[in-house]
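*Asks:* As input, take input22.tsv (TSV, C-alpha atoms):
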chain	number	residue	atom	x	y	z
L	1	MET	CA	0.00	0.00	0.00
L	2	ASN	CA	1.11	3.56	-0.52
L	3	ARG	CA	1.78	6.24	2.08
L	4	GLN	CA	-1.80	7.53	2.11
L	5	ASP	CA	-3.30	4.06	2.61
L	6	PHE	CA	-0.83	3.32	5.37
L	7	LEU	CA	-1.76	6.51	7.25
L	8	ALA	CA	-5.46	5.65	6.92
L	9	CYS	CA	-4.91	2.02	7.93
L	10	LEU	CA	-3.19	2.93	11.20
L	11	ASP	CA	-5.14	6.16	11.66
L	12	ILE	CA	-2.02	8.24	12.24
L	13	GLN	CA	-0.88	11.73	11.21
L	14	VAL	CA	1.70	12.35	8.55
L	15	GLN	CA	4.04	13.88	11.18
L	16	THR	CA	3.90	10.68	13.21
L	17	LEU	CA	4.85	8.57	10.20
L	18	ASP	CA	7.67	10.94	9.26
L	19	PHE	CA	9.05	10.64	12.78
L	20	TRP	CA	8.88	6.82	12.67
L	21	LEU	CA	10.68	6.81	9.32
L	22	GLU	CA	13.31	9.27	10.58
L	23	GLN	CA	13.96	7.04	13.59
L	24	GLU	CA	14.13	4.04	11.20
L	25	TRP	CA	11.49	2.28	13.23
L	26	LEU	CA	9.91	1.59	9.86
L	27	VAL	CA	11.81	0.76	6.69
L	28	PRO	CA	9.20	0.29	3.95
L	29	GLY	CA	10.10	-1.15	0.57
L	30	ARG	CA	10.01	0.98	-2.54
L	31	VAL	CA	8.34	0.64	-5.92
L	32	ALA	CA	10.00	3.11	-8.28
L	33	ALA	CA	10.35	6.27	-6.14
L	34	GLU	CA	7.22	5.55	-4.07
L	35	MET	CA	7.22	4.00	-0.61
L	36	ASN	CA	5.44	0.68	-0.57
L	37	PHE	CA	4.17	-0.49	2.82
L	38	SER	CA	3.47	-4.18	3.28
L	39	ASP	CA	1.67	-6.22	5.93
L	40	ILE	CA	4.78	-6.47	8.08
L	41	ASP	CA	5.08	-2.66	8.16
L	42	VAL	CA	1.44	-2.36	9.23
L	43	ALA	CA	1.93	-4.94	12.01
L	44	ARG	CA	5.11	-3.16	13.12
L	45	GLY	CA	3.26	0.16	13.12
L	46	ARG	CA	0.57	-1.37	15.34
L	47	LEU	CA	3.24	-2.63	17.71
L	48	ILE	CA	4.71	0.90	17.95
L	49	GLN	CA	1.22	2.25	18.65
L	50	ASP	CA	0.65	-0.39	21.34
L	51	LEU	CA	3.96	0.47	22.98
L	52	LYS	CA	3.34	4.21	22.92
L	53	THR	CA	-0.36	4.64	23.61
L	54	GLY	CA	-1.12	1.29	25.19
L	55	PHE	CA	1.86	0.94	27.52
L	56	GLY	CA	3.00	4.54	27.83
L	57	VAL	CA	6.52	3.82	26.55
L	58	ASN	CA	8.39	6.98	25.48
L	59	ASP	CA	10.36	7.37	22.23
L	60	GLU	CA	13.67	6.31	23.74
L	61	GLY	CA	11.95	3.23	25.15
L	62	VAL	CA	10.45	2.33	21.77
L	63	ASP	CA	13.89	2.62	20.23
L	64	VAL	CA	15.42	0.23	22.74
L	65	ILE	CA	12.53	-2.25	22.55
L	66	LEU	CA	12.53	-2.42	18.74
L	67	HIS	CA	16.30	-2.86	18.67
L	68	LEU	CA	16.14	-5.75	21.15
L	69	LEU	CA	13.12	-7.28	19.40
L	70	ASP	CA	14.91	-7.15	16.03
L	71	GLN	CA	17.85	-8.97	17.56
L	72	LEU	CA	15.53	-11.51	19.16
L	73	HIS	CA	13.81	-12.17	15.84
L	74	GLY	CA	17.16	-12.34	14.05
L	75	PHE	CA	18.16	-14.97	16.53
L	76	ARG	CA	14.85	-16.82	16.22
L	77	ARG	CA	15.21	-16.81	12.46
L	78	ALA	CA	18.76	-18.13	12.55
L	79	PHE	CA	17.60	-20.80	14.97
L	80	GLU	CA	14.66	-21.76	12.73
L	81	ASP	CA	16.96	-21.97	9.70
L	82	LEU	CA	19.41	-24.09	11.62
L	83	TYR	CA	16.60	-26.33	12.82
L	84	GLU	CA	15.37	-26.77	9.22
L	85	ASP	CA	18.90	-27.61	8.08
L	86	LEU	CA	19.31	-30.20	10.81
L	87	LYS	CA	15.95	-31.76	9.98
L	88	GLY	CA	17.06	-31.89	6.33
L	89	THR	CA	20.36	-33.62	7.02
L	90	ARG	CA	18.77	-36.15	9.34
L	91	ARG	CA	16.27	-37.25	6.69
M	1	MET	CA	-16.36	-14.69	29.12
M	2	ARG	CA	-14.76	-13.94	32.47
M	3	ASN	CA	-15.60	-10.95	34.57
M	4	PRO	CA	-13.40	-8.08	33.30
M	5	TYR	CA	-12.54	-6.99	36.85
M	6	GLU	CA	-11.20	-10.49	37.53
M	7	VAL	CA	-9.29	-10.54	34.25
M	8	LEU	CA	-7.50	-7.33	35.19
M	9	GLY	CA	-7.27	-8.31	38.86
M	10	VAL	CA	-8.87	-5.14	40.22
M	11	ALA	CA	-11.75	-4.45	42.61
M	12	SER	CA	-15.04	-3.45	41.05
M	13	THR	CA	-14.67	-0.11	42.84
M	14	ALA	CA	-11.17	0.56	41.48
M	15	PRO	CA	-10.61	4.07	40.09
M	16	ALA	CA	-9.76	4.51	36.40
M	17	ALA	CA	-6.06	5.10	37.13
M	18	ASP	CA	-5.78	1.73	38.89
M	19	ILE	CA	-7.49	-0.01	35.99
M	20	ARG	CA	-5.07	1.53	33.52
M	21	ARG	CA	-2.11	0.59	35.70
M	22	ALA	CA	-3.37	-3.01	35.99
M	23	TYR	CA	-3.95	-3.24	32.25
M	24	ARG	CA	-0.49	-1.94	31.39
M	25	LYS	CA	1.18	-4.30	33.81
M	26	LEU	CA	-0.60	-7.33	32.31
M	27	ALA	CA	-0.36	-6.18	28.70
M	28	LYS	CA	3.39	-5.67	28.97
M	29	LYS	CA	3.73	-9.22	30.22
M	30	LEU	CA	1.31	-10.72	27.67
M	31	HIS	CA	1.66	-8.68	24.47
M	32	PRO	CA	2.30	-11.31	21.74
M	33	ASP	CA	5.06	-9.21	20.18
M	34	LEU	CA	6.93	-9.10	23.47
M	35	ASN	CA	6.46	-12.89	23.80
M	36	PRO	CA	7.25	-14.18	20.33
M	37	GLY	CA	7.65	-17.79	21.40
M	38	ASP	CA	4.58	-18.03	23.64
M	39	LYS	CA	1.58	-19.14	21.63
M	40	ALA	CA	-0.80	-18.82	24.58
M	41	ALA	CA	0.11	-15.18	25.13
M	42	GLU	CA	-2.08	-13.97	22.28
M	43	GLU	CA	-5.31	-15.41	23.69
M	44	LYS	CA	-4.59	-14.09	27.16
M	45	PHE	CA	-3.63	-10.69	25.76
M	46	LYS	CA	-6.91	-10.50	23.87
M	47	GLN	CA	-8.90	-11.23	27.03
M	48	VAL	CA	-7.06	-8.48	28.83
M	49	ALA	CA	-7.60	-6.11	25.90
M	50	VAL	CA	-11.33	-6.84	25.82
M	51	ALA	CA	-11.60	-6.31	29.57
M	52	TYR	CA	-9.71	-3.02	29.38
M	53	ASP	CA	-11.72	-1.88	26.37
M	54	LEU	CA	-14.83	-2.28	28.51
M	55	LEU	CA	-13.60	-0.84	31.80
M	56	SER	CA	-11.56	2.05	30.38
M	57	ASP	CA	-14.66	3.50	28.77
M	58	GLU	CA	-16.64	5.18	31.54
M	59	GLU	CA	-19.94	4.81	29.71
M	60	LYS	CA	-19.44	1.11	28.93
M	61	ARG	CA	-18.24	0.43	32.46
M	62	LYS	CA	-21.39	2.02	33.90
M	63	ARG	CA	-23.60	-0.05	31.64
M	64	PHE	CA	-21.71	-3.23	32.53
M	65	ASP	CA	-22.01	-2.48	36.26
M	66	ALA	CA	-25.73	-1.94	35.75
M	67	GLY	CA	-26.00	-5.29	33.98
M	68	GLU	CA	-26.98	-3.74	30.65
M	69	ILE	CA	-24.14	-5.30	28.67
M	70	ASP	CA	-22.21	-8.50	29.28
M	71	ALA	CA	-18.51	-9.07	29.76
M	72	SER	CA	-17.80	-9.29	26.04
M	73	GLY	CA	-18.42	-5.52	25.92
M	74	THR	CA	-20.10	-4.10	22.88
M	75	GLU	CA	-17.39	-5.04	20.44
M	76	ARG	CA	-14.21	-7.08	20.22
M	77	PRO	CA	-10.96	-5.32	19.49
M	78	PRO	CA	-10.06	-5.62	15.80
M	79	GLN	CA	-8.47	-8.95	14.97
M	80	HIS	CA	-5.22	-8.39	13.19
M	81	PRO	CA	-1.96	-10.28	12.91
M	82	PHE	CA	0.84	-9.27	15.24
M	83	TYR	CA	4.33	-8.25	14.22
M	84	ARG	CA	5.70	-11.56	15.46
M	85	ASP	CA	3.64	-13.31	12.75
M	86	TYR	CA	5.89	-11.72	10.11
M	87	ALA	CA	9.07	-11.14	12.07
M	88	THR	CA	10.94	-14.21	10.85
M	89	SER	CA	9.42	-14.26	7.36
M	90	ASP	CA	11.28	-13.28	4.22
M	91	HIS	CA	9.70	-9.81	4.41
M	92	SER	CA	11.48	-9.06	7.67
M	93	ARG	CA	14.86	-8.54	5.99
M	94	PRO	CA	15.15	-4.78	6.64
M	95	TYR	CA	14.43	-5.32	10.33
M	96	THR	CA	16.04	-8.51	11.58
M	97	GLU	CA	19.52	-8.12	12.99
M	98	SER	CA	22.15	-10.77	13.44
M	99	TYR	CA	24.25	-8.96	16.06
M	100	GLY	CA	22.37	-10.86	18.74
M	101	TYR	CA	24.22	-14.09	17.97
M	102	ALA	CA	27.14	-12.90	15.83
M	103	ASP	CA	29.62	-13.90	18.54
M	104	PHE	CA	28.37	-17.51	18.46
M	105	ALA	CA	29.02	-17.75	14.73
M	106	ASP	CA	32.53	-16.34	15.17
M	107	GLY	CA	33.55	-19.15	17.49
M	108	ASN	CA	35.56	-22.26	16.82
M	109	ASP	CA	33.10	-24.90	17.93
M	110	ASP	CA	30.44	-27.08	16.30
M	111	LEU	CA	27.60	-24.62	16.90
M	112	ALA	CA	29.56	-21.81	15.26
M	113	GLU	CA	30.29	-24.02	12.25
M	114	LEU	CA	26.60	-24.97	11.95
M	115	LEU	CA	25.50	-21.35	12.16
M	116	ARG	CA	28.01	-20.31	9.51
M	117	ARG	CA	27.02	-23.13	7.21
M	118	SER	CA	23.34	-22.34	7.65
M	119	ALA	CA	23.93	-18.64	6.94
M	120	ARG	CA	25.92	-19.53	3.80
M	121	ALA	CA	23.15	-21.82	2.57
M	122	ARG	CA	20.55	-19.09	3.15
M	123	ALA	CA	22.72	-16.56	1.36
M	124	ASN	CA	22.50	-18.67	-1.82
M	125	ARG	CA	18.97	-19.89	-1.51
M	126	ARG	CA	16.89	-21.16	-4.41
M	127	GLY	CA	13.98	-18.85	-5.30
M	128	GLN	CA	10.43	-19.76	-4.36
M	129	ASP	CA	8.08	-21.61	-6.69
M	130	LEU	CA	5.27	-19.35	-7.85
M	131	HIS	CA	1.76	-20.65	-8.54
M	132	TYR	CA	-0.52	-19.49	-11.33
M	133	ARG	CA	-3.84	-20.55	-12.88
M	134	LEU	CA	-4.40	-20.67	-16.62
M	135	PRO	CA	-7.91	-21.12	-18.06
M	136	ILE	CA	-7.94	-22.62	-21.57
M	137	GLU	CA	-10.66	-23.59	-24.04
M	138	PHE	CA	-11.58	-27.27	-24.33
M	139	VAL	CA	-10.33	-27.43	-27.91
M	140	GLU	CA	-6.97	-25.99	-26.81
M	141	SER	CA	-6.66	-28.75	-24.22
M	142	ILE	CA	-6.86	-31.33	-27.03
M	143	THR	CA	-4.77	-29.63	-29.69
M	144	GLY	CA	-2.29	-27.86	-27.41
M	145	ALA	CA	-1.73	-24.11	-27.54
M	146	ASP	CA	0.74	-21.33	-26.92
M	147	LYS	CA	-0.65	-19.17	-24.13
M	148	ARG	CA	0.56	-16.09	-22.30
M	149	VAL	CA	-0.04	-15.54	-18.57
M	150	THR	CA	0.03	-11.95	-17.32
M	151	LEU	CA	1.61	-11.81	-13.86
M	152	PRO	CA	0.50	-9.47	-11.07
M	153	ASP	CA	3.48	-7.18	-11.71
M	154	GLY	CA	2.46	-6.74	-15.36
M	155	SER	CA	5.16	-8.96	-16.87
M	156	THR	CA	4.18	-11.98	-18.94
M	157	LEU	CA	4.99	-15.66	-18.98
M	158	ASP	CA	4.75	-17.74	-22.16
M	159	VAL	CA	3.31	-21.19	-21.54
M	160	LYS	CA	3.36	-24.00	-24.08
M	161	VAL	CA	0.27	-26.12	-23.35
M	162	PRO	CA	0.92	-29.66	-24.61
M	163	PRO	CA	-1.89	-31.50	-26.43
M	164	GLY	CA	-4.15	-33.82	-24.46
M	165	LEU	CA	-3.94	-32.07	-21.13
M	166	VAL	CA	-6.66	-32.55	-18.48
M	167	ASP	CA	-8.33	-30.08	-16.14
M	168	GLY	CA	-6.27	-29.41	-13.02
M	169	GLN	CA	-2.96	-30.58	-14.50
M	170	VAL	CA	0.05	-28.55	-13.36
M	171	LEU	CA	2.77	-27.45	-15.75
M	172	ARG	CA	6.20	-26.76	-14.28
M	173	LEU	CA	8.23	-24.06	-15.99
M	174	ARG	CA	11.77	-24.42	-14.73
M	175	GLY	CA	13.47	-21.25	-13.58
M	176	LYS	CA	10.40	-19.06	-14.15
M	177	GLY	CA	9.62	-18.63	-10.44
M	178	ALA	CA	10.98	-16.09	-7.98
M	179	PRO	CA	14.67	-15.20	-8.36
M	180	GLY	CA	17.11	-16.95	-6.03
M	181	VAL	CA	19.03	-15.23	-3.28
M	182	GLY	CA	22.75	-14.68	-3.95
M	183	GLU	CA	23.92	-17.44	-6.26
M	184	GLY	CA	20.80	-19.53	-5.66
M	185	ALA	CA	18.88	-20.72	-8.72
M	186	PRO	CA	15.47	-19.21	-9.44
M	187	GLY	CA	12.38	-21.20	-8.44
M	188	ASP	CA	9.86	-22.69	-10.86
M	189	ALA	CA	6.53	-21.39	-12.08
M	190	LEU	CA	3.76	-23.91	-11.44
M	191	VAL	CA	0.86	-23.28	-13.76
M	192	GLU	CA	-2.39	-25.08	-12.97
M	193	VAL	CA	-4.44	-25.44	-16.13
M	194	GLU	CA	-8.19	-25.07	-15.93
M	195	VAL	CA	-10.03	-26.53	-18.92
M	196	LEU	CA	-13.19	-24.49	-19.51
M	197	PRO	CA	-16.37	-26.48	-20.20
M	198	ASP	CA	-17.45	-26.71	-23.84
M	199	ARG	CA	-21.06	-26.63	-24.96
M	200	ARG	CA	-20.44	-29.40	-27.52
M	201	PHE	CA	-17.67	-31.68	-26.31
M	202	THR	CA	-17.25	-33.63	-23.08
M	203	ARG	CA	-14.14	-35.59	-22.24
M	204	VAL	CA	-14.41	-39.11	-20.81
M	205	GLY	CA	-10.93	-40.51	-20.24
M	206	ASP	CA	-9.19	-40.27	-23.61
M	207	ASP	CA	-12.48	-40.25	-25.51
M	208	ILE	CA	-14.55	-37.21	-26.37
M	209	THR	CA	-18.33	-37.44	-26.55
M	210	LEU	CA	-20.56	-35.24	-28.67
M	211	ASP	CA	-24.36	-35.18	-28.96
M	212	LEU	CA	-25.21	-34.63	-32.61
M	213	PRO	CA	-28.70	-33.77	-33.87
M	214	ILE	CA	-29.72	-35.41	-37.18
M	215	SER	CA	-32.85	-35.05	-39.25
M	216	LEU	CA	-35.49	-37.74	-39.66
M	217	SER	CA	-34.45	-38.30	-43.29
M	218	GLU	CA	-30.81	-38.75	-42.27
M	219	ALA	CA	-31.89	-41.22	-39.59
M	220	VAL	CA	-34.17	-43.25	-41.84
M	221	LEU	CA	-32.22	-43.14	-45.06
M	222	GLY	CA	-28.68	-42.68	-43.76
M	223	GLY	CA	-26.15	-40.40	-45.46
M	224	GLU	CA	-22.93	-38.47	-45.11
M	225	ILE	CA	-22.87	-35.61	-42.63
M	226	ARG	CA	-20.23	-33.16	-41.36
M	227	VAL	CA	-19.27	-33.63	-37.71
M	228	PRO	CA	-17.25	-31.16	-35.62
M	229	THR	CA	-14.22	-32.60	-33.78
M	230	ALA	CA	-11.65	-30.85	-31.60
M	231	THR	CA	-9.26	-30.82	-34.56
M	232	GLY	CA	-11.78	-29.65	-37.18
M	233	ALA	CA	-14.86	-30.97	-38.98
M	234	VAL	CA	-14.82	-34.41	-40.64
M	235	THR	CA	-17.27	-36.32	-42.82
M	236	MET	CA	-19.05	-39.26	-41.20
M	237	THR	CA	-21.49	-41.80	-42.64
M	238	VAL	CA	-24.77	-42.19	-40.75
M	239	PRO	CA	-26.02	-45.72	-41.45
M	240	LYS	CA	-29.52	-46.27	-42.69
M	241	GLY	CA	-32.02	-46.76	-39.83
M	242	SER	CA	-30.04	-44.88	-37.17
M	243	ASN	CA	-31.87	-43.81	-34.04
M	244	THR	CA	-31.62	-41.41	-31.10
M	245	GLY	CA	-28.95	-42.89	-28.86
M	246	THR	CA	-27.09	-44.65	-31.67
M	247	THR	CA	-23.41	-43.99	-30.95
M	248	LEU	CA	-20.88	-43.82	-33.75
M	249	ARG	CA	-17.15	-43.97	-33.17
M	250	LEU	CA	-14.63	-41.72	-34.93
M	251	LYS	CA	-11.34	-43.54	-34.42
M	252	GLY	CA	-8.41	-41.45	-33.25
M	253	LYS	CA	-10.40	-38.24	-32.98
M	254	GLY	CA	-10.27	-38.16	-29.16
M	255	ALA	CA	-7.61	-36.78	-26.83
M	256	PRO	CA	-3.97	-37.62	-27.63
M	257	ARG	CA	-2.42	-40.16	-25.26
M	258	ARG	CA	0.93	-39.61	-23.67
M	259	SER	CA	1.97	-43.10	-24.80
M	260	GLY	CA	1.15	-42.19	-28.41
M	261	GLY	CA	-2.04	-42.56	-30.37
M	262	ALA	CA	-5.31	-40.98	-29.31
M	263	GLY	CA	-8.73	-41.80	-27.92
M	264	ASP	CA	-11.88	-41.80	-30.05
M	265	GLN	CA	-14.71	-39.37	-30.52
M	266	LEU	CA	-18.07	-40.90	-29.67
M	267	VAL	CA	-20.93	-39.28	-31.57
M	268	ARG	CA	-24.32	-39.86	-29.97
M	269	LEU	CA	-27.09	-39.26	-32.48
M	270	LYS	CA	-30.28	-37.45	-31.62
M	271	VAL	CA	-33.12	-37.50	-34.11
M	272	VAL	CA	-34.83	-34.12	-34.33
M	273	LEU	CA	-38.17	-33.56	-36.08
M	274	PRO	CA	-38.51	-30.51	-38.28
M	275	LYS	CA	-39.69	-27.31	-36.70
M	276	PRO	CA	-42.41	-26.16	-37.30
M	277	PRO	CA	-44.20	-29.52	-37.84
M	278	ASP	CA	-44.39	-30.45	-41.52
M	279	PRO	CA	-47.98	-31.06	-42.83
M	280	GLU	CA	-46.79	-33.61	-45.40
M	281	LEU	CA	-45.02	-35.64	-42.71
M	282	GLU	CA	-48.12	-35.47	-40.51
M	283	GLN	CA	-50.22	-36.69	-43.40
M	284	PHE	CA	-47.85	-39.56	-44.08
M	285	VAL	CA	-47.69	-40.73	-40.47
M	286	ALA	CA	-51.50	-40.55	-40.14
M	287	ASN	CA	-51.80	-43.04	-42.97
M	288	TRP	CA	-48.85	-45.17	-41.94
M	289	GLU	CA	-50.40	-48.35	-40.58
M	290	ALA	CA	-47.18	-50.20	-39.73
M	291	GLY	CA	-46.05	-47.23	-37.61
M	292	LYS	CA	-49.24	-47.38	-35.54
M	293	ALA	CA	-49.12	-51.13	-35.06
M	294	TRP	CA	-45.58	-51.19	-33.63
M	295	ASN	CA	-45.21	-50.57	-29.86
M	296	PRO	CA	-41.66	-49.48	-28.83
M	297	ARG	CA	-42.61	-49.84	-25.11
M	298	GLU	CA	-43.33	-53.54	-25.33
M	299	ASP	CA	-40.44	-54.39	-22.99
M	300	ILE	CA	-41.24	-51.89	-20.23
M	301	ALA	CA	-44.98	-51.19	-20.29
M	302	PRO	CA	-47.83	-53.66	-19.67
Hey, can you dump this file as structure tokens for me?
*Replies:*
Amino acid sequence: MNRQDFLACLDIQVQTLDFWLEQEWLVPGRVAAEMNFSDIDVARGRLIQDLKTGFGVNDEGVDVILHLLDQLHGFRRAFEDLYEDLKGTRR
Amino acid sequence: MRNPYEVLGVASTAPAADIRRAYRKLAKKLHPDLNPGDKAAEEKFKQVAVAYDLLSDEEKRKRFDAGEIDASGTERPPQHPFYRDYATSDHSRPYTESYGYADFADGNDDLAELLRRSARARANRRGQDLHYRLPIEFVESITGADKRVTLPDGSTLDVKVPPGLVDGQVLRLRGKGAPGVGEGAPGDALVEVEVLPDRRFTRVGDDITLDLPISLSEAVLGGEIRVPTATGAVTMTVPKGSNTGTTLRLKGKGAPRRSGGAGDQLVRLKVVLPKPPDPELEQFVANWEAGKAWNPREDIAP
């Protein structure tokens, strides 16, 4: 989806999105020169909203949480890949 | 549905600030994205979210306390996937970081070697297979055809449909799937062919059936008629005295077999009287004694 659809989907202001992009909390893909937001960006946006409005986490907190979560998921992914490889060699 | 006060663990007299505090404490512990490996967290989180949705709204809380609405509140929070549902998918590339375990992979032990090997394999991964559907005409399924599939991104894929293909058959186009990662080979395109129904022909195994109307004269006197087949019209001889239901076989005019040769076309005749009714024919039948004497229902009717 494009920028406009993304704003409508999450019901956020343009300034909020610009701030998220500036902080690199969101890194949408691109089609030609246009930003192209996918389902994962929407889900990540909802997580940021939950952290900020739901849990009262401030911007610095969001930064730290996303960084740790990205590492956790990187680790989970590596672990999943490794697990798949091991299953494959055992067969 | 449990009592929302119990779900949040607060007294029914608790002030709004306490309810918010209780919600945040639970939500932080239960939010699915903060518990990526805990499948049960999502259900619990939703219960807490529904309870908070009800009790954080003064109006709804009043109506619940008065027994006007039940614990499910007036609506459920929107159901949407969480970030964790995508976080280890292929779309997560810009976000996932490997610093969290980089030191393990640098080591000298078995685990480090496994991690390195796994990472190398992923770096040169074969592309995904992509699935498409291709509707074709019945005749094309018998004769074969060159078709073009337009992909969602606007590009096209040329598909050679071999003769004799059946509905639901899948064609594999090597290397026409998603590109590989690094030096990985591209995936394949898997094209499922849908054979559209035809108003004339029906396929039964390797044979093709066709219902063909013939006139009364052709039925009684026989003659040569033109018959459509999947590969073009041919001339067929209708024997003298043919009837509705008489089935004639056109050898080799069915679907091609993979082992060579082809099935047959079965032509089922259907005698059709002229429309509008012909007065001369009526006159003839009225005076036709033999026709009146013969009973075609002898075998089935008393």
*Asks:* If we count only C-alpha atoms, which residues of chain M reach to within 9 Å of chain L? Please list them as a PyMOL selection string.
*Replies:* chain M and resi 23-25+27-28+31+33-34+36-37+80-89+91-92+94-101+114-115+117-119+122
*Asks:* Provide the atom CA of M:Gly180 to atom CA of M:Glu194 distance in Å, to one decimal place.
*Replies:*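 Between these atoms lies a distance of 28.4 Å.
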*Asks:* Calculate how many Å separate atom CA of M:Lys292 from atom CA of M:Asp211, rounding to one decimal.
*Replies:* 28.5 Å
*Asks:* Enter the distance from atom CA of M:Tyr132 to atom CA of M:Gln169, in Å, rounded to one decimal.
*Replies:*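 Separating atom CA of M:Tyr132 from atom CA of M:Gln169 is a distance of 11.8 Å.
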*Asks:* From the set M:Ala145, M:Val139, M:Val181, M:Leu248, which residue has the shortest atom-to-atom contact distance to M:Arg200, counting only C-alpha atoms?
*Replies:*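 So, comparing all the options, the nearest one is M:Val139.
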*Asks:* Which residues come within 10 Å of M:Gly232, counting only C-alpha atoms, excluding same-chain residues fewer than 3 positions away, as a VMD selection string?
*Replies:* chain M and resid 139 227 to 229 253
*Asks:* Can you spit out the residues from that selection as a PDB file, in the coordinates of the input, using C-alpha atoms?
*Replies:*
ATOM      1  CA  VAL M 139     -10.330 -27.430 -27.910  1.00  0.00           C
ATOM      2  CA  VAL M 227     -19.270 -33.630 -37.710  1.00  0.00           C
ATOM      3  CA  PRO M 228     -17.250 -31.160 -35.620  1.00  0.00           C
ATOM      4  CA  THR M 229     -14.220 -32.600 -33.780  1.00  0.00           C
ATOM      5  CA  LYS M 253     -10.400 -38.240 -32.980  1.00  0.00           C
TER       6      LYS M 253
END
*Asks:* Around (-16.2, 4.5, 32.6) in the file's own coordinates, what residues are found within 12 Å if you use all atoms listed in the file, given back as a CSV table (one decimal) with C-alpha atoms, in the frame of the given file?
*Replies:*
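What ended up in point-v5.csv:
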chain,number,residue,atom,x,y,z
M,12,SER,CA,-15.0,-3.4,41.0
M,13,THR,CA,-14.7,-0.1,42.8
M,14,ALA,CA,-11.2,0.6,41.5
M,15,PRO,CA,-10.6,4.1,40.1
M,16,ALA,CA,-9.8,4.5,36.4
M,17,ALA,CA,-6.1,5.1,37.1
M,19,ILE,CA,-7.5,0.0,36.0
M,20,ARG,CA,-5.1,1.5,33.5
M,52,TYR,CA,-9.7,-3.0,29.4
M,53,ASP,CA,-11.7,-1.9,26.4
M,54,LEU,CA,-14.8,-2.3,28.5
M,55,LEU,CA,-13.6,-0.8,31.8
M,56,SER,CA,-11.6,2.0,30.4
M,57,ASP,CA,-14.7,3.5,28.8
M,58,GLU,CA,-16.6,5.2,31.5
M,59,GLU,CA,-19.9,4.8,29.7
M,60,LYS,CA,-19.4,1.1,28.9
M,61,ARG,CA,-18.2,0.4,32.5
M,62,LYS,CA,-21.4,2.0,33.9
M,63,ARG,CA,-23.6,0.0,31.6
M,64,PHE,CA,-21.7,-3.2,32.5
M,65,ASP,CA,-22.0,-2.5,36.3
M,66,ALA,CA,-25.7,-1.9,35.8
*Asks:* Take every atom of stretch 34-44 of chain M listed in the file, fit an axis-aligned box around them, add 4 Å per side, and give the centre and edge lengths in Å to one decimal as lines of an AutoDock Vina configuration file.
*Replies:*
center_x = 1.2
center_y = -14.1
center_z = 23.7
size_x = 21.0
size_y = 18.0
size_z = 14.8
*Asks:* Can you pull out every residue within 12 Å of M:Thr156, counting all atoms listed in the file, but drop anything in the same chain fewer than 4 positions away, and send it as a list in words?
*Replies:*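 The contact residues come out as Tyr132, Lys147, Arg148, Val149, Thr150, Leu151, Pro152, Lys176 and Ala189 of chain M.
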